[in-house]
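Text of run-v2.txt (compact mmCIF, C-alpha atoms) as supplied:
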# COMPACT_ATOMS: atom_id res chain seq x y z
CA MET A 1 0.00 0.00 0.00
CA GLY A 2 2.96 2.30 0.55
CA PHE A 3 3.91 1.96 -3.11
CA HIS A 4 0.31 2.67 -4.10
CA GLN A 5 0.53 6.06 -2.44
CA ASN A 6 3.60 6.89 -4.49
CA LEU A 7 1.89 6.20 -7.83
CA GLU A 8 1.23 9.20 -10.02
CA ASP A 9 -1.34 9.80 -12.73
CA VAL A 10 1.09 9.03 -15.53
CA ASN A 11 0.80 6.17 -18.01
CA GLU A 12 3.77 4.21 -16.69
CA ASP A 13 2.46 4.18 -13.13
CA GLN A 14 -1.10 3.47 -14.15
CA LEU A 15 -0.08 0.59 -16.43
CA SER A 16 1.91 -0.89 -13.56
CA LEU A 17 -1.14 -0.59 -11.32
CA ALA A 18 -3.30 -2.28 -13.97
CA SER A 19 -0.81 -5.15 -14.11
CA ILE A 20 -1.03 -5.56 -10.35
CA HIS A 21 -4.84 -5.62 -10.57
CA TYR A 22 -4.63 -8.30 -13.26
CA MET A 23 -2.28 -10.48 -11.23
CA ARG A 24 -4.66 -10.19 -8.27
CA SER A 25 -7.61 -11.23 -10.48
CA HIS A 26 -9.12 -7.75 -10.15
CA TYR A 27 -9.93 -7.70 -13.82
CA GLN A 28 -12.57 -4.98 -13.90
CA GLU A 29 -10.23 -2.56 -12.13
CA ALA A 30 -7.53 -3.33 -14.71
CA ILE A 31 -10.02 -2.80 -17.57
CA ASP A 32 -11.04 0.59 -16.16
CA ILE A 33 -7.41 1.77 -16.19
CA TYR A 34 -6.69 0.44 -19.68
CA GLN A 35 -9.83 1.98 -21.14
CA HIS A 36 -9.09 5.33 -19.49
CA ILE A 37 -5.63 5.36 -21.08
CA LEU A 38 -7.05 4.27 -24.45
CA LEU A 39 -9.47 7.19 -24.46
CA GLN A 40 -6.51 9.54 -24.23
CA ASN A 41 -4.15 7.54 -26.47
CA ARG A 42 -5.91 5.77 -29.34
CA SER A 43 -2.56 4.75 -30.78
CA TYR A 44 -1.88 2.40 -27.83
CA LEU A 45 -3.47 -0.46 -29.77
CA ALA A 46 -1.81 -3.21 -27.73
CA LEU A 47 -3.90 -2.21 -24.71
CA ASN A 48 -6.87 -3.74 -26.53
CA VAL A 49 -5.19 -7.12 -26.13
CA TYR A 50 -4.87 -6.53 -22.38
CA VAL A 51 -8.53 -5.51 -22.17
CA ALA A 52 -9.55 -8.57 -24.21
CA LEU A 53 -7.50 -10.82 -21.93
CA CYS A 54 -9.25 -9.37 -18.88
CA TYR A 55 -12.67 -10.00 -20.42
CA TYR A 56 -11.56 -13.56 -21.25
CA LYS A 57 -10.62 -14.10 -17.61
CA MET A 58 -14.07 -12.81 -16.62
CA ASP A 59 -15.76 -15.33 -18.98
CA TYR A 60 -17.02 -12.58 -21.31
CA TYR A 61 -15.70 -14.33 -24.39
CA GLU A 62 -17.80 -12.51 -26.99
CA VAL A 63 -16.80 -9.12 -25.58
CA SER A 64 -13.18 -10.26 -25.52
CA GLN A 65 -13.43 -11.23 -29.16
CA GLN A 66 -14.89 -7.87 -30.14
CA VAL A 67 -12.13 -5.93 -28.39
CA LEU A 68 -9.46 -8.24 -29.79
CA ALA A 69 -10.68 -7.68 -33.35
CA VAL A 70 -9.69 -4.01 -33.11
CA TYR A 71 -6.06 -4.98 -32.55
CA LEU A 72 -6.00 -7.81 -35.11
CA GLN A 73 -7.13 -5.43 -37.84
CA SER A 74 -3.84 -3.61 -37.43
CA VAL A 75 -1.60 -6.51 -36.35
CA PRO A 76 -3.06 -9.67 -37.96
CA ASP A 77 -0.01 -11.82 -37.19
CA SER A 78 0.21 -11.15 -33.44
CA THR A 79 1.09 -14.37 -31.63
CA ILE A 80 -0.61 -13.38 -28.36
CA ALA A 81 -3.72 -12.03 -30.08
CA LEU A 82 -4.19 -15.05 -32.36
CA ASN A 83 -3.74 -17.41 -29.42
CA LEU A 84 -6.32 -15.49 -27.40
CA LYS A 85 -8.70 -15.59 -30.36
CA ALA A 86 -8.32 -19.36 -30.52
CA CYS A 87 -8.99 -19.62 -26.77
CA ASN A 88 -12.14 -17.51 -27.17
CA PHE A 89 -13.32 -19.84 -29.95
CA PHE A 90 -12.67 -22.82 -27.67
CA ARG A 91 -14.93 -21.31 -25.02
CA LEU A 92 -17.58 -20.05 -27.44
CA PHE A 93 -17.73 -23.02 -29.79
CA ASN A 94 -15.55 -26.14 -29.49
CA GLY A 95 -12.07 -27.56 -29.81
CA LYS A 96 -12.21 -27.97 -33.59
CA ALA A 97 -13.08 -24.31 -34.11
CA ALA A 98 -10.28 -23.29 -31.78
CA GLU A 99 -7.77 -25.55 -33.52
CA ALA A 100 -8.70 -24.06 -36.89
CA GLU A 101 -7.94 -20.58 -35.53
CA LEU A 102 -4.69 -21.79 -34.04
CA LYS A 103 -3.57 -22.92 -37.51
CA ASN A 104 -3.00 -19.28 -38.40
CA LEU A 105 -0.57 -19.03 -35.51
CA ILE A 106 1.17 -22.28 -36.51
CA ASP A 107 1.64 -20.98 -40.06
CA ILE A 108 3.44 -17.81 -38.95
CA SER A 109 5.50 -19.36 -36.14
CA SER A 110 9.24 -19.66 -36.75
CA THR A 111 12.34 -20.66 -34.80
CA SER A 112 12.32 -17.24 -33.20
CA PHE A 113 9.03 -17.98 -31.51
CA GLU A 114 10.03 -20.71 -29.09
CA PHE A 115 7.51 -19.57 -26.47
CA ALA A 116 4.80 -19.66 -29.13
CA LYS A 117 5.64 -23.26 -30.01
CA GLU A 118 5.24 -24.35 -26.41
CA LEU A 119 1.99 -22.42 -26.19
CA ILE A 120 0.73 -24.07 -29.38
CA ARG A 121 1.63 -27.57 -28.17
CA HIS A 122 -0.12 -26.91 -24.87
CA ASN A 123 -3.28 -25.46 -26.39
CA LEU A 124 -3.56 -28.14 -29.06
CA ALA A 125 -3.59 -30.79 -26.33
CA VAL A 126 -6.38 -28.88 -24.56
CA PHE A 127 -8.37 -28.17 -27.75
CA ARG A 128 -8.19 -31.86 -28.68
CA GLY A 129 -9.78 -32.94 -25.41
CA GLY A 130 -6.57 -34.18 -23.80
CA GLU A 131 -5.26 -36.08 -26.83
CA GLY A 132 -1.49 -36.41 -26.37
CA ALA A 133 -1.68 -34.71 -22.97
CA LEU A 134 0.81 -37.05 -21.32
CA GLN A 135 3.33 -36.41 -24.09
CA VAL A 136 2.95 -32.63 -23.94
CA LEU A 137 1.85 -31.29 -20.57
CA PRO A 138 4.32 -32.81 -18.05
CA SER A 139 7.31 -31.12 -19.72
CA LEU A 140 5.51 -27.76 -19.66
CA ILE A 141 4.52 -27.72 -15.98
CA ASP A 142 7.38 -25.37 -15.07
CA VAL A 143 6.99 -23.34 -18.28
CA LEU A 144 3.27 -22.54 -18.46
CA PRO A 145 1.24 -22.33 -15.23
CA GLU A 146 -1.84 -23.61 -17.05
CA ALA A 147 -0.04 -26.84 -17.98
CA ARG A 148 -0.21 -28.16 -14.41
CA LEU A 149 -3.88 -27.28 -14.11
CA ASN A 150 -4.78 -28.87 -17.44
CA LEU A 151 -2.85 -32.01 -16.51
CA VAL A 152 -4.87 -32.16 -13.30
CA ILE A 153 -8.05 -31.89 -15.39
CA TYR A 154 -6.80 -34.62 -17.73
CA TYR A 155 -6.23 -36.99 -14.80
CA LEU A 156 -9.68 -36.15 -13.42
CA ARG A 157 -11.30 -37.07 -16.73
CA GLN A 158 -9.37 -40.34 -16.74
CA GLU A 159 -10.58 -40.94 -13.15
CA GLU A 160 -6.96 -41.08 -11.95
CA PHE A 161 -7.77 -39.08 -8.85
CA GLN A 162 -4.63 -39.81 -6.87
CA GLU A 163 -2.49 -38.49 -9.72
CA SER A 164 -4.56 -35.32 -9.99
CA TYR A 165 -4.33 -34.81 -6.22
CA ALA A 166 -0.55 -35.29 -6.20
CA LEU A 167 -0.19 -32.50 -8.76
CA ILE A 168 -2.32 -29.95 -6.93
CA LYS A 169 -2.05 -30.75 -3.22
CA ASP A 170 0.98 -28.48 -2.63
CA LEU A 171 0.14 -25.82 -5.22
CA GLU A 172 0.07 -22.30 -3.83
CA LEU A 173 -3.41 -21.14 -4.82
CA THR A 174 -3.72 -17.64 -6.25
CA THR A 175 -6.71 -17.61 -8.63
CA PRO A 176 -10.36 -18.66 -8.20
CA GLN A 177 -9.86 -21.30 -10.90
CA GLU A 178 -7.07 -22.91 -8.89
CA TYR A 179 -9.19 -22.93 -5.73
CA ILE A 180 -12.10 -24.47 -7.65
CA LEU A 181 -9.95 -27.15 -9.25
CA LYS A 182 -8.40 -28.13 -5.93
CA ALA A 183 -11.89 -28.29 -4.41
CA VAL A 184 -13.09 -30.57 -7.23
CA VAL A 185 -10.08 -32.86 -6.83
CA ASN A 186 -10.64 -33.16 -3.08
CA ALA A 187 -14.36 -33.79 -3.60
CA VAL A 188 -13.94 -36.64 -6.09
CA LEU A 189 -11.05 -38.18 -4.17
CA GLY A 190 -12.99 -37.91 -0.92
CA GLN A 191 -15.95 -39.70 -2.47
CA GLU A 192 -13.70 -42.32 -4.07
CA ILE A 193 -11.83 -43.32 -0.90
CA GLY A 194 -14.46 -42.29 1.66
CA SER A 195 -12.34 -39.55 3.21
CA ARG A 196 -14.20 -37.00 5.31
CA ASP A 197 -11.08 -34.86 5.48
CA HIS A 198 -10.92 -34.47 1.70
CA LEU A 199 -14.65 -33.72 1.55
CA LYS A 200 -14.31 -31.13 4.30
CA THR A 201 -11.41 -29.48 2.44
CA ALA A 202 -13.49 -29.43 -0.75
CA GLN A 203 -16.45 -27.87 1.05
CA GLN A 204 -14.28 -25.17 2.61
CA LEU A 205 -12.60 -24.32 -0.70
CA PHE A 206 -15.95 -24.10 -2.49
CA GLN A 207 -17.28 -21.88 0.30
CA LEU A 208 -14.19 -19.66 0.12
CA VAL A 209 -14.59 -19.02 -3.61
CA GLY A 210 -18.38 -18.66 -3.61
CA GLY A 211 -18.30 -16.32 -0.62
CA SER A 212 -15.61 -14.02 -2.00
CA GLY A 213 -16.59 -10.55 -3.09
CA SER A 214 -15.17 -11.02 -6.58
CA GLU A 215 -16.92 -14.35 -7.27
CA CYS A 216 -20.17 -14.38 -5.27
CA ASN A 217 -22.27 -13.04 -8.16
CA THR A 218 -20.53 -14.94 -10.95
CA ILE A 219 -21.75 -18.24 -12.39
CA PRO A 220 -18.70 -20.18 -11.11
CA GLY A 221 -19.14 -18.53 -7.71
CA ARG A 222 -22.75 -19.67 -7.45
CA GLN A 223 -21.77 -23.15 -8.62
CA CYS A 224 -19.20 -23.20 -5.82
CA LEU A 225 -21.74 -22.23 -3.17
CA ALA A 226 -24.15 -24.87 -4.50
CA SER A 227 -21.35 -27.46 -4.30
CA SER A 228 -20.46 -26.36 -0.77
CA PHE A 229 -24.04 -26.76 0.41
CA PHE A 230 -24.36 -30.06 -1.48
CA LEU A 231 -21.46 -31.49 0.51
CA LEU A 232 -23.13 -30.17 3.67
CA ARG A 233 -26.38 -31.85 2.52
CA GLN A 234 -28.25 -28.55 2.79
CA PHE A 235 -30.25 -29.12 -0.36
CA LYS A 236 -32.67 -26.19 -0.08
CA ASP A 237 -29.65 -23.90 -0.19
CA VAL A 238 -28.22 -25.92 -3.09
CA LEU A 239 -31.37 -25.27 -5.09
CA LEU A 240 -31.35 -21.57 -4.23
CA TYR A 241 -28.06 -21.17 -6.10
CA LEU A 242 -28.65 -23.72 -8.85
CA ASN A 243 -31.99 -22.15 -9.74
CA SER A 244 -30.27 -18.78 -10.19
CA ILE A 245 -28.04 -20.18 -12.96
CA LYS A 246 -30.27 -22.94 -14.35
CA SER A 247 -30.95 -21.14 -17.64
CA TYR A 248 -27.25 -21.34 -18.54
CA PHE A 249 -27.04 -25.13 -18.11
CA PHE A 250 -30.25 -26.55 -19.54
CA THR A 251 -28.39 -29.17 -21.62
CA ASP A 252 -25.48 -29.72 -19.23
CA ASP A 253 -25.58 -33.32 -17.94
CA THR A 254 -23.47 -32.66 -14.85
CA PHE A 255 -25.64 -29.71 -13.82
CA ASN A 256 -28.86 -31.67 -14.40
CA PHE A 257 -27.50 -34.63 -12.42
CA ASN A 258 -26.76 -32.46 -9.39
CA TYR A 259 -29.97 -30.45 -9.81
CA ALA A 260 -32.08 -33.61 -9.99
CA GLN A 261 -30.47 -35.09 -6.87
CA ALA A 262 -31.09 -31.88 -4.94
CA LYS A 263 -34.73 -31.76 -6.10
CA ALA A 264 -35.25 -35.38 -5.05
CA ALA A 265 -33.55 -34.78 -1.71
CA VAL A 266 -36.11 -32.08 -0.82
CA GLY A 267 -39.00 -34.31 -1.96
CA ASN A 268 -39.77 -32.62 -5.30
CA TYR A 269 -39.80 -35.88 -7.20
CA ARG A 270 -41.71 -34.65 -10.25
CA GLU A 271 -39.14 -32.02 -11.17
CA ALA A 272 -36.34 -34.35 -10.17
CA GLU A 273 -37.61 -36.98 -12.61
CA GLU A 274 -37.77 -34.38 -15.39
CA ALA A 275 -34.18 -33.31 -14.72
CA PHE A 276 -32.88 -36.90 -14.59
CA LEU A 277 -34.50 -37.65 -17.95
CA LEU A 278 -32.75 -34.67 -19.57
CA ILE A 279 -29.39 -36.39 -19.05
CA GLN A 280 -27.90 -37.90 -22.22
CA ASN A 281 -24.50 -39.14 -21.06
CA ASP A 282 -24.50 -42.96 -21.06
CA LYS A 283 -21.87 -43.18 -18.34
CA VAL A 284 -24.00 -41.09 -15.98
CA LYS A 285 -27.14 -43.04 -16.91
CA SER A 286 -25.46 -46.32 -16.00
CA ASP A 287 -24.24 -45.03 -12.64
CA TYR A 288 -26.00 -46.57 -9.64
CA VAL A 289 -26.60 -43.17 -8.06
CA TYR A 290 -28.53 -42.12 -11.17
CA LEU A 291 -30.47 -45.40 -11.41
CA SER A 292 -31.41 -45.51 -7.72
CA TRP A 293 -32.56 -41.89 -7.59
CA LEU A 294 -34.52 -42.20 -10.85
CA ALA A 295 -36.16 -45.40 -9.58
CA ARG A 296 -37.17 -43.62 -6.37
CA CYS A 297 -38.59 -40.71 -8.39
CA TYR A 298 -40.63 -43.10 -10.54
CA ILE A 299 -42.05 -44.80 -7.46
CA MET A 300 -42.85 -41.55 -5.67
CA ASN A 301 -44.55 -40.33 -8.86
CA ARG A 302 -46.60 -43.56 -8.94
CA LYS A 303 -44.78 -45.06 -11.93
CA ALA A 304 -43.48 -48.19 -10.24
CA HIS A 305 -43.51 -50.14 -13.52
CA LEU A 306 -40.78 -47.85 -14.86
CA ALA A 307 -38.65 -48.45 -11.78
CA TRP A 308 -39.08 -52.18 -12.33
CA GLU A 309 -37.97 -51.79 -15.95
CA LEU A 310 -34.77 -50.12 -14.73
CA TYR A 311 -34.03 -53.18 -12.61
CA LEU A 312 -34.75 -55.62 -15.47
CA LYS A 313 -32.16 -53.87 -17.66
CA MET A 314 -29.40 -54.31 -15.08
CA GLU A 315 -26.90 -57.15 -14.93
CA THR A 316 -27.00 -59.29 -11.77
CA SER A 317 -24.73 -57.57 -9.26
CA ALA A 318 -24.58 -56.09 -5.79
CA GLU A 319 -25.98 -52.87 -7.26
CA SER A 320 -28.97 -54.63 -8.84
CA PHE A 321 -29.64 -56.30 -5.48
CA SER A 322 -29.56 -52.90 -3.77
CA LEU A 323 -31.94 -51.49 -6.39
CA LEU A 324 -34.32 -54.40 -5.74
CA GLN A 325 -34.32 -53.55 -2.04
CA LEU A 326 -35.05 -49.91 -2.81
CA ILE A 327 -37.92 -50.80 -5.14
CA ALA A 328 -39.39 -53.28 -2.67
CA ASN A 329 -39.33 -50.92 0.30
CA ASP A 330 -40.30 -47.72 -1.51
CA CYS A 331 -43.17 -49.40 -3.39
CA TYR A 332 -44.46 -50.89 -0.15
CA LYS A 333 -44.28 -47.51 1.54
CA MET A 334 -46.13 -45.84 -1.34
CA GLY A 335 -48.87 -48.51 -1.51
CA GLN A 336 -47.75 -49.81 -4.92
CA PHE A 337 -48.01 -53.31 -3.59
CA TYR A 338 -47.81 -55.39 -6.77
CA TYR A 339 -44.31 -54.18 -7.67
CA ALA A 340 -43.32 -54.38 -4.02
CA ALA A 341 -44.40 -58.04 -4.10
CA LYS A 342 -42.44 -58.69 -7.32
CA ALA A 343 -39.33 -57.08 -5.84
CA PHE A 344 -39.61 -58.99 -2.56
CA ASP A 345 -40.18 -62.19 -4.55
CA ALA A 346 -36.95 -61.59 -6.54
CA LEU A 347 -35.08 -60.81 -3.32
CA GLU A 348 -36.37 -63.99 -1.70
CA ARG A 349 -35.10 -66.07 -4.64
CA LEU A 350 -31.65 -64.51 -4.29
CA ASP A 351 -31.51 -64.64 -0.48
CA PRO A 352 -33.90 -66.79 1.62
CA ASN A 353 -34.11 -64.15 4.32
CA PRO A 354 -37.40 -64.45 6.29
CA GLU A 355 -37.81 -60.66 6.10
CA TYR A 356 -38.22 -60.85 2.33
CA TRP A 357 -41.02 -63.39 2.69
CA GLU A 358 -42.71 -61.17 5.26
CA GLY A 359 -42.46 -58.22 2.88
CA LYS A 360 -43.80 -60.30 -0.01
CA ARG A 361 -46.67 -61.64 2.11
CA GLY A 362 -47.63 -58.15 3.28
CA ALA A 363 -47.43 -56.77 -0.27
CA CYS A 364 -49.62 -59.57 -1.65
CA VAL A 365 -52.21 -58.92 1.05
CA GLY A 366 -51.88 -55.21 0.21
CA VAL A 367 -52.79 -55.91 -3.44
CA PHE A 368 -55.83 -57.87 -2.26
CA GLN A 369 -56.91 -54.96 -0.04
CA LEU A 370 -56.67 -52.60 -3.01
CA ILE A 371 -58.82 -54.98 -5.04
CA LEU A 372 -61.42 -55.04 -2.27
CA ALA A 373 -61.39 -51.24 -2.19
CA GLY A 374 -61.87 -51.06 -5.94
CA GLN A 375 -58.46 -49.38 -6.42
CA GLU A 376 -56.87 -52.28 -8.26
CA SER A 377 -58.06 -54.52 -11.08
CA ARG A 378 -59.44 -57.93 -10.10
CA GLU A 379 -57.17 -59.40 -12.79
CA MET A 380 -54.24 -58.68 -10.47
CA LEU A 381 -55.39 -61.57 -8.25
CA LYS A 382 -54.02 -64.06 -10.79
CA LYS A 383 -50.58 -62.44 -10.68
CA VAL A 384 -50.57 -62.42 -6.90
CA LEU A 385 -51.45 -66.13 -6.77
CA LEU A 386 -48.58 -66.91 -9.17
CA LEU A 387 -46.14 -65.17 -6.87
CA LEU A 388 -47.48 -67.03 -3.83
CA ARG A 389 -47.46 -70.46 -5.48
CA ASP A 390 -43.70 -70.25 -5.97
CA THR A 391 -43.15 -69.85 -2.23
CA GLU A 392 -42.64 -72.66 0.26
CA ARG A 393 -43.47 -70.88 3.49
CA PRO A 394 -45.94 -71.36 6.34
CA GLN A 395 -49.26 -69.57 5.82
CA VAL A 396 -48.97 -69.68 2.00
CA GLU A 397 -51.67 -72.31 1.57
CA TYR A 398 -53.98 -70.47 3.96
CA ILE A 399 -53.55 -67.20 2.06
CA ILE A 400 -54.07 -68.93 -1.30
CA ARG A 401 -57.26 -70.66 -0.07
CA THR A 402 -58.59 -67.35 1.25
CA LEU A 403 -57.94 -65.57 -2.07
CA LYS A 404 -59.44 -68.42 -4.10
CA LYS A 405 -62.57 -68.52 -1.93
CA TRP A 406 -63.06 -64.78 -2.41
CA ALA A 407 -62.53 -65.16 -6.15
CA LYS A 408 -65.10 -67.96 -6.33
CA ASP A 409 -67.65 -66.04 -4.23
CA ASN A 410 -67.20 -62.97 -6.46
CA ARG A 411 -67.07 -64.86 -9.76
CA VAL A 412 -63.51 -63.83 -10.53
CA SER A 413 -61.91 -66.15 -13.07
CA LEU A 414 -58.53 -67.53 -12.05

Here is the file; what I need is its structure written in the form of structure tokens.
Amino acid sequence: MGFHQNLEDVNEDQLSLASIHYMRSHYQEAIDIYQHILLQNRSYLALNVYVALCYYKMDYYEVSQQVLAVYLQSVPDSTIALNLKACNFFRLFNGKAAEAELKNLIDISSTSFEFAKELIRHNLAVFRGGEGALQVLPSLIDVLPEARLNLVIYYLRQEEFQESYALIKDLELTTPQEYILKAVVNAVLGQEIGSRDHLKTAQQLFQLVGGSGSECNTIPGRQCLASSFFLLRQFKDVLLYLNSIKSYFFTDDTFNFNYAQAKAAVGNYREAEEAFLLIQNDKVKSDYVYLSWLARCYIMNRKAHLAWELYLKMETSAESFSLLQLIANDCYKMGQFYYAAKAFDALERLDPNPEYWEGKRGACVGVFQLILAGQESREMLKKVLLLLRDTERPQVEYIIRTLKKWAKDNRVSL
């Protein structure tokens, strides 16, 4: 602060101050200085690149591109500007569009642009979704700060969580992006190995970013607060922040997965079901967390047959057994007794636990009660009898005789 007091209103001092703002992630303050100088000195074209870079850091990629175009009109072969343009295209469109823009930079690069070659190698690996990352990024960790972060991201995508953690655990955090990435690494590793310490660290880092003055009203900041509350299992607060940014992520599978879980956790199963069904990613859709929550939503929304179909599509495993238990208990609780009976019947075949017979017996009687109340078709009696006939338990014959007598007295064909 002592040096701040010595700064004068001259371009050199003000540009130095803008650089300090940039390094502290105070991008709007840096932009204000650059634009003030540009108003007085239109010939300082390079300042447009600095302004564009600040807007890029603030996620205003279209604005960054517009400002950058002013400079590229005069200096079309600028290495820094062309690279930034490619990065904007990566954010606005996709990796292929960014790579096409980077070709212009590759064409003009020469042996005198060693730093540009390293930058190109790094960005090509990123633009290509991590292709060749292990051949490129490790050697650039001490050259480009982003190389370490992108290698962490690569390992995360490969589900090599220990490797990603080793790269970031001792990193001195300076930017919101670094805090967020370290939080994500701790969250996934904590879930993978069941570590409360990692999950606590993740929650605190998310809270730190989301609660900061510079990030609290940004989209990443609100995502961080939602993640913090998710780890704290405070799902009403999760939804408060996710709802505020929902319009930006309508087709984002990760967002919809978290949003659906939060909706289900607060008992809003109708909207949770809708969000789960928006997800397209096959890996997510085969995850047990997805299947179990969607099954619960179906049951709570009185669509037990769809929950049963989810189970039938699964291979026999510990997860399919767990899903059977969920279907059996939730259907019983919700009075959808036929599918509860089917689930308990399947459980009993897999494990002759007396509790499964008791659940099946109660569910079969529950179906009969619904028939008596006129809330279930009389045709269901046949299906119930089929389930009971396959069971060798005390009381089965008595229950079957009772059901048959009622069917005969009420002229129900069996």

All residues 7 Å or closer to stretch 378-386 of chain A, only C-alpha atoms, same chain fewer than 2 positions away omitted, as a PyMOL selection string:
chain A and resi 364+371+376+388-390+400+414

Take atom CA of A:Val67 and atom CA of A:Lys96 and report the distance between them in Å, one decimal.
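Atom CA of A:Lys96 lies at a distance of 22.6 Å from atom CA of A:Val67.
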
Compile the contact shell of stretch 16-25 of chain A as a ChimeraX atom specification: residues with an atom at most 9 Å away, counting only C-alpha atoms, same-chain residues fewer than 4 positions apart removed.
/A:4,7,11-12,29-34,54,57,174-176,214

Record the distance separating atom CA of A:Leu239 and atom CA of A:Arg270, expressed in Å with one decimal.
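Spanning atom CA of A:Leu239 to atom CA of A:Arg270 is a straight-line distance of 14.9 Å.
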
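Atom CA of A:Val209 lies 6.1 Å from atom CA of A:Gly221.
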
Residues at most 12 Å from A:His198, counting all atoms listed in the file, excluding those fewer than 4 positions away in the same chain, as a PDB file with C-alpha atoms, in the coordinates of the input?
ATOM      1  CA  PHE A 161      -7.770 -39.080  -8.850  1.00  0.00           C
ATOM      2  CA  GLN A 162      -4.630 -39.810  -6.870  1.00  0.00           C
ATOM      3  CA  TYR A 165      -4.330 -34.810  -6.220  1.00  0.00           C
ATOM      4  CA  LYS A 169      -2.050 -30.750  -3.220  1.00  0.00           C
ATOM      5  CA  LYS A 182      -8.400 -28.130  -5.930  1.00  0.00           C
ATOM      6  CA  ALA A 183     -11.890 -28.290  -4.410  1.00  0.00           C
ATOM      7  CA  VAL A 184     -13.090 -30.570  -7.230  1.00  0.00           C
ATOM      8  CA  VAL A 185     -10.080 -32.860  -6.830  1.00  0.00           C
ATOM      9  CA  ASN A 186     -10.640 -33.160  -3.080  1.00  0.00           C
ATOM     10  CA  ALA A 187     -14.360 -33.790  -3.600  1.00  0.00           C
ATOM     11  CA  VAL A 188     -13.940 -36.640  -6.090  1.00  0.00           C
ATOM     12  CA  LEU A 189     -11.050 -38.180  -4.170  1.00  0.00           C
ATOM     13  CA  GLY A 190     -12.990 -37.910  -0.920  1.00  0.00           C
ATOM     14  CA  GLN A 191     -15.950 -39.700  -2.470  1.00  0.00           C
ATOM     15  CA  GLU A 192     -13.700 -42.320  -4.070  1.00  0.00           C
ATOM     16  CA  ILE A 193     -11.830 -43.320  -0.900  1.00  0.00           C
ATOM     17  CA  GLY A 194     -14.460 -42.290   1.660  1.00  0.00           C
ATOM     18  CA  ALA A 202     -13.490 -29.430  -0.750  1.00  0.00           C
ATOM     19  CA  GLN A 203     -16.450 -27.870   1.050  1.00  0.00           C
ATOM     20  CA  GLN A 204     -14.280 -25.170   2.610  1.00  0.00           C
ATOM     21  CA  LEU A 205     -12.600 -24.320  -0.700  1.00  0.00           C
ATOM     22  CA  LEU A 231     -21.460 -31.490   0.510  1.00  0.00           C
TER      23      LEU A 231
END

May I ask which of the residues A:Asn41, A:Phe89, A:Leu82, A:Arg121 is the closest one to A:Asn104, counting only C-alpha atoms?
A:Leu82

With 7 Å as the cut-off and all atoms listed in the file counted, what is the closest atom pair between each nearby residue of stretch 359-390 of chain A and stretch 331-342 of chain A? Distances in Å to one decimal, ordered by chain and number, as a Markdown table.
| residue | atom | partner | partner_atom | distance |
| --- | --- | --- | --- | --- |
| A:Lys360 | CA | A:Ala341 | CA | 4.7 |
| A:Ala363 | CA | A:Phe337 | CA | 4.8 |
| A:Cys364 | CA | A:Ala341 | CA | 6.0 |
| A:Gly366 | CA | A:Phe337 | CA | 5.7 |
| A:Val367 | CA | A:Phe337 | CA | 5.4 |
